[in-house]
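File shown: coords.txt. Contents: compact mmCIF, C-alpha atoms and all ligand atoms.
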# COMPACT_ATOMS: atom_id res chain seq x y z
CA MET Q 29 0.00 0.00 0.00
CA LYS Q 30 1.20 3.48 -0.80
CA LEU Q 31 0.39 5.73 2.15
CA ILE Q 32 0.01 9.49 1.80
CA VAL Q 33 -0.53 11.53 4.98
CA VAL Q 34 -2.09 14.97 4.53
CA LYS Q 35 -3.08 17.78 6.87
CA ASP Q 36 -6.82 17.59 6.35
CA ARG Q 37 -9.58 16.38 4.00
CA GLN Q 38 -9.18 19.50 1.85
CA GLU Q 39 -5.58 18.59 1.03
CA GLY Q 40 -6.61 14.93 0.80
CA GLY Q 41 -9.25 15.82 -1.79
CA GLN Q 42 -6.58 17.48 -3.90
CA LYS Q 43 -4.28 14.46 -3.62
CA GLY Q 44 -7.21 12.16 -4.44
CA TYR Q 45 -7.90 14.32 -7.48
CA ASN Q 46 -4.25 13.89 -8.54
CA VAL Q 47 -4.65 10.10 -8.39
CA PHE Q 48 -7.81 10.39 -10.53
CA GLN Q 49 -6.06 12.63 -12.99
CA SER Q 50 -3.09 10.37 -13.40
CA ALA Q 51 -5.40 7.39 -14.04
CA TYR Q 52 -7.32 9.54 -16.52
CA ASP Q 53 -4.10 10.64 -18.26
CA ASN Q 54 -3.03 7.00 -18.46
CA GLY Q 55 -6.21 6.02 -20.31
CA ALA Q 56 -8.58 4.91 -17.54
CA LYS Q 57 -12.11 4.59 -18.91
CA VAL Q 58 -14.06 3.05 -16.00
CA PHE Q 59 -14.16 4.70 -12.59
CA GLY Q 60 -15.53 2.95 -9.51
CA LEU Q 61 -17.14 5.47 -7.18
CA ALA Q 62 -18.18 5.67 -3.53
CA THR Q 63 -20.64 7.82 -1.62
CA GLY Q 64 -20.35 9.16 1.94
CA SER Q 65 -18.60 12.23 3.29
CA THR Q 66 -15.04 11.04 2.51
CA PRO Q 67 -14.81 11.44 -1.29
CA ILE Q 68 -16.66 14.77 -1.39
CA THR Q 69 -13.52 16.96 -1.51
CA THR Q 70 -12.12 14.78 -4.31
CA TYR Q 71 -15.42 15.08 -6.22
CA GLU Q 72 -15.30 18.86 -5.70
CA ALA Q 73 -11.81 19.03 -7.18
CA ILE Q 74 -12.88 16.84 -10.13
CA SER Q 75 -15.99 18.98 -10.65
CA ALA Q 76 -13.82 22.12 -10.79
CA SER Q 77 -11.38 20.54 -13.25
CA ASP Q 78 -11.51 20.36 -17.02
CA MET Q 79 -11.60 16.55 -17.02
CA ASP Q 80 -14.23 15.23 -19.40
CA PHE Q 81 -16.08 12.00 -18.60
CA THR Q 82 -18.59 12.06 -21.44
CA GLN Q 83 -16.84 9.05 -23.04
CA MET Q 84 -16.30 7.30 -19.68
CA THR Q 85 -18.19 4.89 -17.46
CA SER Q 86 -18.76 5.01 -13.71
CA VAL Q 87 -19.74 2.08 -11.50
CA ASN Q 88 -20.84 2.74 -7.92
CA LEU Q 89 -20.15 0.51 -4.97
CA ASP Q 90 -23.57 0.22 -3.39
CA GLU Q 91 -27.19 1.31 -2.99
CA TYR Q 92 -29.97 0.91 -0.43
CA VAL Q 93 -32.60 -1.67 -1.30
CA GLY Q 94 -35.99 0.02 -1.58
CA LEU Q 95 -34.84 3.51 -2.50
CA ALA Q 96 -35.43 4.82 -6.02
CA ALA Q 97 -32.80 6.92 -7.78
CA ASP Q 98 -34.77 10.11 -7.07
CA HIS Q 99 -35.00 9.49 -3.29
CA PRO Q 100 -32.87 12.17 -1.58
CA GLN Q 101 -31.17 9.55 0.64
CA SER Q 102 -30.36 7.18 -2.22
CA TYR Q 103 -26.74 6.81 -3.23
CA HIS Q 104 -27.84 7.44 -6.79
CA TYR Q 105 -29.14 10.86 -5.75
CA PHE Q 106 -25.93 11.56 -3.81
CA MET Q 107 -23.83 10.90 -6.91
CA GLN Q 108 -26.08 13.09 -9.02
CA GLU Q 109 -25.63 15.98 -6.57
CA HIS Q 110 -21.93 15.61 -5.85
CA LEU Q 111 -20.57 14.64 -9.25
CA PHE Q 112 -22.82 13.64 -12.13
CA ASN Q 113 -24.68 16.96 -12.46
CA GLN Q 114 -21.32 18.70 -12.87
CA LYS Q 115 -19.49 15.89 -14.70
CA PRO Q 116 -21.78 13.59 -16.67
CA PHE Q 117 -20.48 10.17 -17.71
CA ALA Q 118 -21.52 8.28 -20.86
CA HIS Q 119 -22.79 5.50 -18.58
CA SER Q 120 -23.24 5.63 -14.81
CA TYR Q 121 -24.15 2.40 -13.06
CA VAL Q 122 -25.49 2.21 -9.50
CA PRO Q 123 -27.24 -0.92 -8.17
CA ASP Q 124 -31.00 -0.63 -8.70
CA GLY Q 125 -32.47 -0.33 -5.22
CA THR Q 126 -35.98 -0.74 -6.60
CA ASN Q 127 -35.32 -4.24 -7.94
CA PRO Q 128 -36.81 -6.59 -5.33
CA ASP Q 129 -35.21 -9.62 -6.99
CA ALA Q 130 -31.81 -9.76 -5.26
CA VAL Q 131 -30.57 -12.72 -7.30
CA ALA Q 132 -31.33 -10.97 -10.58
CA GLU Q 133 -30.04 -7.57 -9.45
CA THR Q 134 -26.72 -8.82 -8.06
CA ALA Q 135 -26.14 -10.99 -11.17
CA ARG Q 136 -26.96 -8.00 -13.38
CA TYR Q 137 -24.48 -5.86 -11.48
CA ASP Q 138 -21.73 -8.49 -11.60
CA GLN Q 139 -22.22 -8.62 -15.37
CA ILE Q 140 -21.91 -4.82 -15.58
CA ILE Q 141 -18.58 -5.03 -13.72
CA ALA Q 142 -17.42 -7.92 -15.94
CA ASP Q 143 -18.30 -5.88 -19.05
CA ASN Q 144 -16.71 -2.72 -17.62
CA PRO Q 145 -13.60 -3.72 -15.67
CA ILE Q 146 -12.85 -0.95 -13.20
CA ASP Q 147 -9.63 0.95 -13.83
CA LEU Q 148 -9.70 3.03 -10.63
CA GLN Q 149 -11.93 2.35 -7.62
CA ILE Q 150 -12.34 5.01 -4.94
CA LEU Q 151 -13.22 3.84 -1.42
CA GLY Q 152 -14.06 5.29 1.97
CA LEU Q 153 -13.48 3.35 5.19
CA GLY Q 154 -15.98 2.55 7.93
CA GLN Q 155 -14.98 3.02 11.57
CA ASN Q 156 -15.23 -0.76 11.92
CA GLY Q 157 -13.06 -1.34 8.84
CA HIS Q 158 -15.88 -1.86 6.35
CA ILE Q 159 -15.53 -1.08 2.64
CA GLY Q 160 -18.66 -0.72 0.56
CA PHE Q 161 -21.32 -2.41 2.71
CA ASN Q 162 -18.95 -5.27 3.51
CA GLU Q 163 -19.16 -5.36 7.28
CA PRO Q 164 -16.85 -7.38 9.56
CA GLY Q 165 -17.45 -11.09 9.03
CA THR Q 166 -18.28 -10.78 5.32
CA ASP Q 167 -16.99 -13.62 3.15
CA PRO Q 168 -14.17 -12.03 1.08
CA GLU Q 169 -15.03 -14.27 -1.90
CA LEU Q 170 -18.41 -12.59 -2.40
CA THR Q 171 -19.04 -10.42 -5.44
CA THR Q 172 -22.17 -8.21 -5.56
CA HIS Q 173 -24.61 -9.31 -2.88
CA LYS Q 174 -27.55 -8.24 -0.74
CA VAL Q 175 -26.54 -7.10 2.74
CA ALA Q 176 -28.67 -6.86 5.88
CA LEU Q 177 -27.73 -3.59 7.57
CA THR Q 178 -26.58 -3.92 11.17
CA GLU Q 179 -28.62 -2.35 13.97
CA SER Q 180 -25.84 0.19 14.57
CA THR Q 181 -25.82 1.25 10.89
CA ILE Q 182 -29.62 1.59 10.91
CA LYS Q 183 -29.46 3.74 14.03
CA ALA Q 184 -26.59 5.84 12.63
CA ASN Q 185 -28.52 6.44 9.40
CA ALA Q 186 -31.80 7.29 11.12
CA ARG Q 187 -30.81 10.97 11.33
CA PHE Q 188 -31.18 11.24 7.55
CA PHE Q 189 -34.80 9.99 7.59
CA ASP Q 190 -38.02 11.24 9.22
CA ASN Q 191 -37.96 8.26 11.55
CA GLU Q 192 -36.04 5.04 12.10
CA SER Q 193 -38.71 2.86 10.50
CA GLU Q 194 -38.00 4.54 7.14
CA VAL Q 195 -34.31 3.57 7.16
CA PRO Q 196 -33.69 0.82 4.61
CA ARG Q 197 -32.88 -2.57 6.17
CA TYR Q 198 -30.91 -3.92 3.22
CA ALA Q 199 -28.42 -2.75 0.62
CA TYR Q 200 -26.88 -4.12 -2.57
CA SER Q 201 -23.10 -3.90 -2.44
CA MET Q 202 -20.11 -4.93 -4.48
CA GLY Q 203 -18.23 -7.58 -2.56
CA ILE Q 204 -14.61 -7.56 -1.47
CA ALA Q 205 -13.80 -9.85 -4.42
CA SER Q 206 -15.42 -7.34 -6.83
CA ILE Q 207 -13.42 -4.47 -5.32
CA LEU Q 208 -10.13 -6.37 -5.51
CA LYS Q 209 -10.61 -6.89 -9.28
CA SER Q 210 -10.11 -3.13 -9.88
CA GLN Q 211 -6.80 -2.24 -11.44
CA HIS Q 212 -6.04 0.65 -9.07
CA ILE Q 213 -7.65 1.41 -5.72
CA LEU Q 214 -7.72 4.75 -3.93
CA LEU Q 215 -8.93 4.72 -0.32
CA GLU Q 216 -9.34 7.94 1.64
CA ALA Q 217 -10.00 8.20 5.39
CA TYR Q 218 -10.27 11.30 7.52
CA GLY Q 219 -10.71 11.96 11.22
CA GLU Q 220 -9.65 10.46 14.53
CA GLU Q 221 -12.66 8.13 14.53
CA LYS Q 222 -11.09 6.27 11.56
CA ALA Q 223 -7.63 5.90 13.20
CA ALA Q 224 -8.15 2.39 14.62
CA ALA Q 225 -9.57 1.11 11.32
CA VAL Q 226 -6.66 2.66 9.38
CA LYS Q 227 -4.13 0.96 11.67
CA ALA Q 228 -5.90 -2.41 11.37
CA MET Q 229 -6.17 -2.05 7.59
CA VAL Q 230 -2.51 -1.14 7.08
CA GLU Q 231 -0.66 -2.92 9.88
CA GLY Q 232 -2.99 -5.63 11.12
CA PRO Q 233 -3.42 -9.21 9.94
CA ILE Q 234 -5.62 -9.91 6.92
CA THR Q 235 -8.86 -10.95 8.55
CA THR Q 236 -12.61 -10.91 7.94
CA ASP Q 237 -12.83 -8.91 11.20
CA VAL Q 238 -11.43 -5.97 9.19
CA PRO Q 239 -12.75 -6.14 5.61
CA ALA Q 240 -10.36 -3.38 4.44
CA SER Q 241 -7.37 -5.52 5.50
CA PHE Q 242 -7.95 -7.57 2.31
CA LEU Q 243 -6.64 -4.54 0.40
CA GLN Q 244 -3.18 -5.68 1.54
CA ASN Q 245 -3.60 -8.45 -1.08
CA HIS Q 246 -3.92 -5.89 -3.90
CA ALA Q 247 -0.86 -4.72 -5.84
CA ASP Q 248 -1.88 -1.09 -6.41
CA VAL Q 249 -3.59 0.65 -3.49
CA THR Q 250 -3.08 4.30 -2.59
CA VAL Q 251 -4.26 5.28 0.89
CA ILE Q 252 -4.76 8.97 1.66
CA VAL Q 253 -5.28 9.79 5.33
CA ASP Q 254 -5.20 12.97 7.35
CA GLU Q 255 -2.97 13.27 10.42
CA ALA Q 256 -5.84 12.36 12.76
CA ALA Q 257 -6.66 9.14 10.86
CA ALA Q 258 -2.92 8.31 10.73
CA SER Q 259 -2.43 8.95 14.46
CA LYS Q 260 -2.45 5.29 15.55
CA LEU Q 261 0.00 4.06 12.87
CA SER Q 262 3.35 2.95 14.25
C1 LIG L 301 -20.08 4.43 0.48
C2 LIG L 301 -19.64 3.23 1.18
C3 LIG L 301 -19.16 3.22 2.60
C4 LIG L 301 -18.44 4.48 3.05
C5 LIG L 301 -17.97 4.39 4.49
C6 LIG L 301 -17.36 5.69 4.99
O1 LIG L 301 -20.49 4.16 -0.84
O2 LIG L 301 -19.70 2.21 0.60
O3 LIG L 301 -18.32 2.11 2.78
O4 LIG L 301 -17.33 4.72 2.21
O5 LIG L 301 -19.05 4.06 5.33
O6 LIG L 301 -18.36 6.67 5.07
P1 LIG L 301 -18.02 8.21 5.27
O7 LIG L 301 -17.21 8.60 4.05
O8 LIG L 301 -19.33 8.92 5.30
O9 LIG L 301 -17.21 8.32 6.51

As structure tokens, what does this structure read like?
Ligand code: F6R
Amino acid sequence: MKLIVVKDRQEGGQKGYNVFQSAYDNGAKVFGLATGSTPITTYEAISASDMDFTQMTSVNLDEYVGLAADHPQSYHYFMQEHLFNQKPFAHSYVPDGTNPDAVAETARYDQIIADNPIDLQILGLGQNGHIGFNEPGTDPELTTHKVALTESTIKANARFFDNESEVPRYAYSMGIASILKSQHILLEAYGEEKAAAVKAMVEGPITTDVPASFLQNHADVTVIVDEAAASKLS
């Protein structure tokens, strides 16, 4: 893993942008994208750039089951707001949260990834070491699959909904095996609350207890962390 320590998420966003740009300059055509607060500064830098994605493809990591693309809490909507409105892609794929047939939807998504091998995948990191919706204990061999959200995730997400009963109970997510197929991986993590997960990901054993530790098996991972998230590294 190549580790880059920055002052804050602003500087990290710029460095993340540099990684995007060098992939772009080297002919990357398919970009794997994440939602959440972490990649926002990178998406801002991309939005302000003159990069053109109108011949490119994007493939997102995950989506809540039950939420349509126009639901304000859907990951589809998030991407629209934070990137696609400013930088449209020729094709943007996000799992279809409205498809109730999990077998069909996950197979469809695996086929999309097979047809569009990801050149650069951007990731955030959960406080418990998750990547995508791959929580501790997830089988690392899984490709796209349906995930039951944990009680703690449901509670954490409740603030975005009118009440807890509206929080989706399931998500569709790329698996660890899908993520590891990407040619390059860029993971960003900011804040003290990510420090333990960063240490476990970088220095700990490869274990299903820390899904991000499987990134140690990948040949081309860049990790951008701020000083707070790097604070537990030896
Ligand atoms: C987002 C995703 C999640 C987040 C992670 C960190 O598509 O799959 O794994 O990257 O939960 O979230 P933030 O960036 O909000 O701290």

Q | Who sits within 7 Å of stretch 108-125 of chain Q, only C-alpha atoms, same chain under 4 positions skipped, as a ChimeraX atom specification | A | /Q:68,71,75,81-88,90-96,104,137,200

Q.
When you count all atoms listed in the file, which of these residues is closest to ligand LIG 301 (chain L): Q:Gly219, Q:Gly64, Q:Pro100, Q:Pro145?
A. Q:Gly64

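Compared by their closest atoms to ligand LIG 301 (chain L), and using all atoms listed in the file, the residues Q:Ala135, Q:Val33, Q:Ala247, Q:Ala217 rank with Q:Ala217 nearest.
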
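Once Q:Lys183 and its same-chain neighbours fewer than 6 positions away are set aside, Leu177, Asn191, Glu192, Ser193 and Val195 of chain Q remain within 10 Å of it when counting all atoms listed in the file.
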
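Nearest to ligand LIG 301 (chain L) of all the residues Q:Ser210, Q:Thr181, Q:Asn54, Q:Gln139 is Q:Thr181, based on all atoms listed in the file.
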
Q) What is the distance, in Å and to one decimal place, between atom CA of Q:Lys57 and atom CA of Q:Ser201? A) 21.5 Å

Q: Dump the neighbourhood of ligand LIG 301 (chain L) as number ranges by chain: all residues within 8 Å, distances computed on all atoms listed in the file.
A: Q: 61-67, 88-91, 103, 151-155, 158-162, 201, 217-218

Q: Find the distance between atom CA of Q:Tyr198 and atom CA of Q:Pro168 and write it in Å to one decimal.
A: 18.7 Å

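Atom pair atom CA of Q:Thr134 / atom CA of Q:Thr172: separated by 5.2 Å.
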
Using 6 Å of padding on each side, determine the axis-aligned box around all atoms of stretch 114-125 of chain Q present in the file and give its centre and edge lengths in Å to one decimal, as JSON.
{"center_x": -26.0, "center_y": 8.9, "center_z": -13.0, "size_x": 25.0, "size_y": 31.6, "size_z": 27.6}

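With only C-alpha atoms as the atoms that count, the minimum distance from Q:Tyr52 to the choices Q:Glu179, Q:Glu133, Q:Asp147, Q:Glu231 is reached by Q:Asp147.
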
Q. Hey, what's within 8 Å of Q:Val230 if we count only C-alpha atoms and toss same-chain stuff fewer than 6 positions away? As number ranges by chain, please?
A. Q: 29, 241, 244
